[in-house]
>>> print(open('run.txt').read())   # compact mmCIF, C-alpha atoms
# COMPACT_ATOMS: atom_id res chain seq x y z
CA MET A 12 -3.59 22.99 -21.91
CA LEU A 13 -6.12 25.26 -20.24
CA GLU A 14 -9.84 24.65 -20.24
CA ARG A 15 -11.65 27.57 -21.83
CA ILE A 16 -14.13 29.24 -19.50
CA ARG A 17 -17.73 29.19 -20.67
CA LYS A 18 -19.94 30.03 -17.69
CA GLY A 19 -20.05 30.66 -13.96
CA SER A 20 -17.88 32.95 -11.90
CA LEU A 21 -15.07 33.95 -14.22
CA VAL A 22 -12.45 34.44 -11.52
CA GLU A 23 -13.33 31.23 -9.65
CA THR A 24 -13.36 29.22 -12.86
CA ALA A 25 -10.05 30.76 -13.95
CA ILE A 26 -8.53 29.81 -10.59
CA GLU A 27 -9.82 26.24 -10.99
CA SER A 28 -8.52 25.97 -14.54
CA LEU A 29 -5.05 27.20 -13.59
CA ARG A 30 -4.98 25.01 -10.46
CA ASN A 31 -5.97 21.92 -12.46
CA ALA A 32 -3.31 22.59 -15.08
CA ILE A 33 -0.64 22.84 -12.38
CA GLU A 34 -1.86 19.75 -10.53
CA LYS A 35 -1.93 17.73 -13.78
CA GLY A 36 1.69 18.63 -14.40
CA ASP A 37 1.18 20.94 -17.39
CA TRP A 38 3.64 23.18 -15.56
CA SER A 39 6.19 21.90 -13.07
CA VAL A 40 7.59 23.61 -9.98
CA GLY A 41 9.95 26.30 -11.18
CA ASP A 42 8.28 26.73 -14.57
CA ARG A 43 7.26 30.19 -15.70
CA LEU A 44 3.63 30.62 -16.73
CA PRO A 45 2.76 32.11 -20.11
CA VAL A 46 2.39 35.87 -20.08
CA GLU A 47 -0.90 37.42 -19.01
CA SER A 48 -2.13 38.06 -22.55
CA GLU A 49 -1.59 34.40 -23.53
CA LEU A 50 -3.42 33.15 -20.45
CA SER A 51 -6.23 35.57 -21.20
CA ASP A 52 -6.59 34.23 -24.74
CA SER A 53 -6.37 30.59 -23.65
CA LEU A 54 -9.03 31.01 -20.96
CA GLY A 55 -11.23 33.37 -22.93
CA VAL A 56 -11.37 35.95 -20.14
CA SER A 57 -10.03 39.44 -19.59
CA ARG A 58 -6.52 40.12 -18.38
CA ASN A 59 -8.01 41.57 -15.19
CA THR A 60 -9.66 38.19 -14.48
CA VAL A 61 -6.37 36.38 -15.10
CA ARG A 62 -4.56 38.85 -12.85
CA GLU A 63 -7.02 38.24 -10.00
CA ALA A 64 -6.86 34.45 -10.41
CA VAL A 65 -3.06 34.56 -10.32
CA ARG A 66 -3.18 36.79 -7.23
CA VAL A 67 -5.31 34.19 -5.41
CA LEU A 68 -2.97 31.33 -6.35
CA VAL A 69 0.00 33.40 -5.19
CA HIS A 70 -1.78 33.92 -1.87
CA VAL A 71 -2.31 30.16 -1.34
CA GLY A 72 1.31 29.43 -2.23
CA MET A 73 0.95 27.71 -5.60
CA LEU A 74 2.45 30.58 -7.62
CA GLU A 75 4.94 33.34 -7.03
CA THR A 76 5.43 36.54 -8.95
CA ARG A 77 8.91 37.88 -9.57
CA GLN A 78 9.05 41.58 -10.30
CA GLY A 79 9.93 42.12 -13.93
CA ASP A 80 10.40 38.39 -14.56
CA GLY A 81 6.95 36.82 -14.58
CA THR A 82 4.93 34.30 -12.59
CA TYR A 83 6.39 30.94 -11.57
CA VAL A 84 4.97 27.70 -10.18
CA ARG A 85 5.92 27.38 -6.52
CA ALA A 86 3.91 24.27 -5.53
CA THR A 87 1.73 21.71 -7.28
CA ARG A 88 -0.88 21.57 -4.52
CA ASP A 89 -3.18 24.18 -3.02
CA ALA A 90 -3.10 23.41 0.71
CA GLY A 91 -6.53 24.91 1.27
CA GLU A 92 -8.08 22.89 -1.54
CA THR A 93 -6.37 19.75 -0.24
CA LEU A 94 -7.99 20.30 3.16
CA ARG A 95 -11.37 20.76 1.52
CA ARG A 96 -10.89 17.49 -0.37
CA ILE A 97 -9.94 15.72 2.86
CA ALA A 98 -13.11 17.08 4.46
CA ARG A 99 -15.16 15.52 1.66
CA THR A 100 -13.68 12.04 2.16
CA GLN A 101 -15.45 9.25 4.02
CA LEU A 102 -15.27 9.41 7.80
CA ALA A 103 -13.80 5.89 7.87
CA ASP A 104 -10.92 7.05 5.64
CA GLN A 105 -10.28 9.99 7.96
CA LEU A 106 -10.30 7.71 10.99
CA GLU A 107 -7.78 5.37 9.38
CA VAL A 108 -5.38 8.26 8.79
CA ARG A 109 -5.95 9.60 12.29
CA ILE A 110 -5.20 6.15 13.77
CA MET A 111 -1.96 5.94 11.78
CA LEU A 112 -0.79 9.35 12.95
CA GLU A 113 -1.79 8.93 16.59
CA THR A 114 -0.41 5.39 16.87
CA GLU A 115 3.06 6.50 15.80
CA ALA A 116 2.76 9.64 17.93
CA ALA A 117 1.90 7.59 21.03
CA LYS A 118 4.88 5.29 20.50
CA LEU A 119 7.26 8.24 20.11
CA ALA A 120 5.65 10.12 23.01
CA ALA A 121 6.26 7.17 25.32
CA ALA A 122 9.95 7.33 24.44
CA ARG A 123 10.39 11.10 24.44
CA ARG A 124 7.77 12.71 26.69
CA THR A 125 8.87 15.31 29.21
CA ASP A 126 7.31 16.22 32.54
CA GLN A 127 5.76 19.24 30.86
CA ASP A 128 4.21 17.00 28.19
CA LEU A 129 2.69 14.81 30.89
CA ARG A 130 1.26 17.85 32.66
CA GLN A 131 -0.37 19.09 29.46
CA MET A 132 -1.90 15.69 28.67
CA THR A 133 -3.09 15.25 32.25
CA THR A 134 -4.63 18.72 32.35
CA ALA A 135 -6.54 18.05 29.12
CA LEU A 136 -7.83 14.65 30.32
CA ASP A 137 -8.85 16.00 33.73
CA ALA A 138 -10.78 18.78 31.97
CA ARG A 139 -12.38 16.20 29.66
CA ALA A 140 -13.58 14.24 32.70
CA ARG A 141 -14.98 17.37 34.38
CA ALA A 142 -16.86 18.36 31.20
CA GLY A 143 -19.42 15.64 31.92
CA SER A 144 -22.48 16.12 29.73
CA ASP A 145 -21.16 19.37 28.22
CA LEU A 146 -20.50 17.89 24.78
CA GLN A 147 -18.69 20.84 23.23
CA ALA A 148 -16.37 21.16 26.22
CA ARG A 149 -15.64 17.43 26.15
CA ILE A 150 -14.82 17.58 22.44
CA ARG A 151 -12.57 20.60 22.97
CA HIS A 152 -10.60 18.93 25.79
CA ASP A 153 -10.45 15.65 23.87
CA GLU A 154 -8.83 17.50 20.96
CA ALA A 155 -6.42 19.19 23.38
CA PHE A 156 -5.33 15.80 24.75
CA HIS A 157 -4.65 14.33 21.32
CA HIS A 158 -2.74 17.42 20.19
CA ALA A 159 -0.67 17.26 23.40
CA LEU A 160 0.01 13.57 22.74
CA VAL A 161 1.29 14.32 19.25
CA ALA A 162 3.35 17.26 20.53
CA ALA A 163 4.97 14.88 23.05
CA SER A 164 6.37 12.88 20.12
CA HIS A 165 8.82 15.76 19.60
CA ASN A 166 8.77 15.04 15.88
CA SER A 167 8.22 18.38 14.18
CA ALA A 168 7.18 16.83 10.85
CA LEU A 169 4.55 14.66 12.57
CA VAL A 170 3.27 17.64 14.55
CA GLU A 171 2.95 19.74 11.39
CA LEU A 172 1.21 16.92 9.53
CA TYR A 173 -1.23 16.37 12.41
CA ASP A 174 -1.95 20.09 12.65
CA TYR A 175 -2.54 20.15 8.89
CA PHE A 176 -5.01 17.29 9.32
CA SER A 177 -6.55 18.78 12.48
CA HIS A 178 -9.83 19.83 10.88
CA ALA A 179 -10.52 16.23 9.91
CA VAL A 180 -9.44 15.13 13.40
CA SER A 181 -12.00 17.52 14.88
CA GLN A 182 -14.67 16.04 12.63
CA THR A 183 -13.89 12.47 13.69
CA ILE A 184 -13.89 13.40 17.39
CA GLU A 185 -17.24 15.18 17.08
CA GLN A 186 -18.73 12.31 15.09
CA THR A 187 -17.68 9.64 17.60
CA GLU A 188 -18.99 11.78 20.45
CA THR A 189 -22.36 12.60 18.90
CA ASP A 190 -23.25 9.54 16.81
CA THR A 191 -24.96 7.12 19.18
CA ASP A 192 -24.28 4.23 16.78
CA LEU A 193 -20.51 4.72 17.08
CA PRO A 194 -18.63 3.40 20.13
CA GLU A 195 -17.23 6.40 21.99
CA PRO A 196 -13.68 6.07 23.37
CA SER A 197 -14.13 6.25 27.13
CA GLN A 198 -12.34 8.39 29.68
CA GLU A 199 -10.74 5.20 30.99
CA ASP A 200 -9.41 4.36 27.51
CA HIS A 201 -7.70 7.73 27.39
CA GLU A 202 -6.35 7.39 30.94
CA LEU A 203 -4.83 4.00 30.15
CA LEU A 204 -3.10 5.47 27.11
CA LEU A 205 -1.70 8.31 29.18
CA ALA A 206 -0.51 5.83 31.83
CA ALA A 207 1.42 3.87 29.19
CA VAL A 208 3.05 7.07 27.94
CA ARG A 209 3.86 8.07 31.53
CA ARG A 210 5.67 4.80 32.29
CA GLN A 211 7.36 4.95 28.87
CA ASP A 212 5.90 1.67 27.64
CA GLU A 213 6.22 2.27 23.90
CA SER A 214 4.61 -0.99 22.80
CA LYS A 215 1.60 -0.60 25.08
CA ALA A 216 1.11 3.05 24.14
CA GLU A 217 1.18 2.13 20.46
CA THR A 218 -1.36 -0.67 20.97
CA LEU A 219 -3.71 1.43 23.12
CA ALA A 220 -3.64 4.32 20.64
CA ARG A 221 -4.61 1.95 17.84
CA GLU A 222 -7.34 0.29 19.93
CA LEU A 223 -8.81 3.63 21.00
CA LEU A 224 -10.60 4.23 17.70
CA LYS A 225 -10.70 0.71 16.31
CA PRO A 226 -14.32 0.02 17.49
CA SER A 227 -15.56 3.21 15.81
CA LEU A 228 -13.73 2.35 12.61
CA GLN A 229 -15.16 -1.18 12.57
CA ALA A 230 -18.69 0.19 13.16
CA LEU A 231 -18.32 2.63 10.28
CA LYS A 232 -17.05 -0.06 7.92
CA SER A 233 -19.86 -2.42 8.89
CA ARG A 234 -22.44 0.15 7.81
CA GLY A 235 -20.49 1.21 4.73
CA SER A 236 -19.73 4.81 5.80
>>> encode(input="run.txt", output="structure tokens")
Amino acid sequence: MLERIRKGSLVETAIESLRNAIEKGDWSVGDRLPVESELSDSLGVSRNTVREAVRVLVHVGMLETRQGDGTYVRATRDAGETLRRIARTQLADQLEVRIMLETEAAKLAAARRTDQDLRQMTTALDARARAGSDLQARIRHDEAFHHALVAASHNSALVELYDYFSHAVSQTIEQTETDTDLPEPSQEDHELLLAAVRRQDESKAETLARELLKPSLQALKSRGS
């Protein structure tokens, strides 16, 4: 079940071995792990190493320890590792996911936005326009606009999913702003999207959100990135 550790950082490798076993389904959510001595024998490491590896996986939410009862599987995915895997994916893949999330968010925002939502989106876009050639400021305010747009959907699951994906969103925004070969969504493009949300035109908001990043996605696909 467990891959015996042969070299490298013992704790890190023990963590990876345990994580892989859980992700492969060797143990399901709710299952109790073998006792420390059995894990130690299976991995070929000391009980202290096993204890530290388990402590790390408890911290990231994959395991939980119950006093006097043992260690149980709490989740089959390490959220932090999932984010790192997302970060290693192709930029085009990240853009496709971002387009899906923001397109639905724009449609919902047009139907549900409040005056406060509009103020937050407007403030972010005005700041983006004032940033001018200050690239980092423009990226920061661009991110603020898109997060405000998603928040205006008033769908808590979508907001949480977007926040979870936010590191990849930041990467795509920075890439489209800094890569001269990628078409950069203009200030006008963003303003038109906000206008559609403001007048509660769900269909137009959905279309504009999709079109916002479509040129960048097509450019990436044409060069195989």
>>> residues_around(input="run.txt", residues="Ala206 of chain A", least_positions_apart="3", cutoff="12 Å", atoms="all atoms listed in the file", output="list of chain:residue names")
A:Ala117, A:Ala120, A:Ala121, A:Arg124, A:Leu129, A:Met132, A:Thr133, A:Leu136, A:Leu160, A:Glu199, A:Asp200, A:His201, A:Glu202, A:Leu203, A:Arg209, A:Arg210, A:Gln211, A:Asp212, A:Glu213, A:Lys215, A:Ala216, A:Leu219, A:Ala220
>>> closest_residue(input="run.txt", among="A:Ser197, A:Ser20, A:Gln78, A:Gln131", to="Ala163 of chain A", atoms="only C-alpha atoms")
A:Gln131
>>> atom_distance(input="run.txt", atom1="atom CA of His157 of chain A", atom2="atom CA of Lys225 of chain A")
15.7 Å
>>> closest_residue(input="run.txt", among="A:Val22, A:Ala168, A:Leu205, A:Val69", to="Thr134 of chain A", atoms="only C-alpha atoms")
A:Leu205
>>> closest_residue(input="run.txt", among="A:Leu54, A:Met73, A:Val65, A:Val84", to="Gly41 of chain A", atoms="all atoms listed in the file")
A:Val84
>>> closest_residue(input="run.txt", among="A:Asp89, A:Glu107, A:Asp137, A:Glu185", to="Arg221 of chain A", atoms="all atoms listed in the file")
A:Glu107
>>> residues_around(input="run.txt", residues="Thr60 of chain A", least_positions_apart="2", cutoff="9 Å", atoms="only C-alpha atoms", output="VMD selection string")
chain A and resid 21 to 22 25 51 56 to 58 62 to 65
>>> atom_distance(input="run.txt", atom1="atom CA of Ser39 of chain A", atom2="atom CA of Asn59 of chain A")
24.4 Å
>>> closest_residue(input="run.txt", among="A:Glu217, A:Glu27, A:Glu47, A:Glu195", to="Ala230 of chain A", atoms="only C-alpha atoms")
A:Glu195
>>> closest_residue(input="run.txt", among="A:Val208, A:Gly55, A:Ser181, A:Leu44", to="Arg77 of chain A", atoms="all atoms listed in the file")
A:Leu44
>>> atom_distance(input="run.txt", atom1="atom CA of Ala116 of chain A", atom2="atom CA of Phe156 of chain A")
12.2 Å
>>> residues_around(input="run.txt", residues="Leu228 of chain A", least_positions_apart="6", cutoff="10 Å", atoms="all atoms listed in the file", output="short mmCIF file (atom, residue, chain, number, x, y, z; two decimals) with C-alpha atoms, keeping the file's coordinate frame")
data_model
loop_
_atom_site.label_atom_id
_atom_site.label_comp_id
_atom_site.auth_asym_id
_atom_site.auth_seq_id
_atom_site.Cartn_x
_atom_site.Cartn_y
_atom_site.Cartn_z
CA LEU A 102 -15.27 9.41 7.80
CA ALA A 103 -13.80 5.89 7.87
CA ASP A 104 -10.92 7.05 5.64
CA GLN A 105 -10.28 9.99 7.96
CA LEU A 106 -10.30 7.71 10.99
CA GLU A 107 -7.78 5.37 9.38
CA ILE A 110 -5.20 6.15 13.77
CA THR A 187 -17.68 9.64 17.60
CA LEU A 193 -20.51 4.72 17.08
CA PRO A 194 -18.63 3.40 20.13
CA GLU A 222 -7.34 0.29 19.93
CA SER A 236 -19.73 4.81 5.80
#
>>> axis_aligned_box(input="run.txt", around="segment 148-151 of chain A", padding_each_side="5 Å", output="AutoDock Vina command-line options")
--center_x -14.5 --center_y 19.3 --center_z 24.3 --size_x 13.8 --size_y 13.7 --size_z 13.8
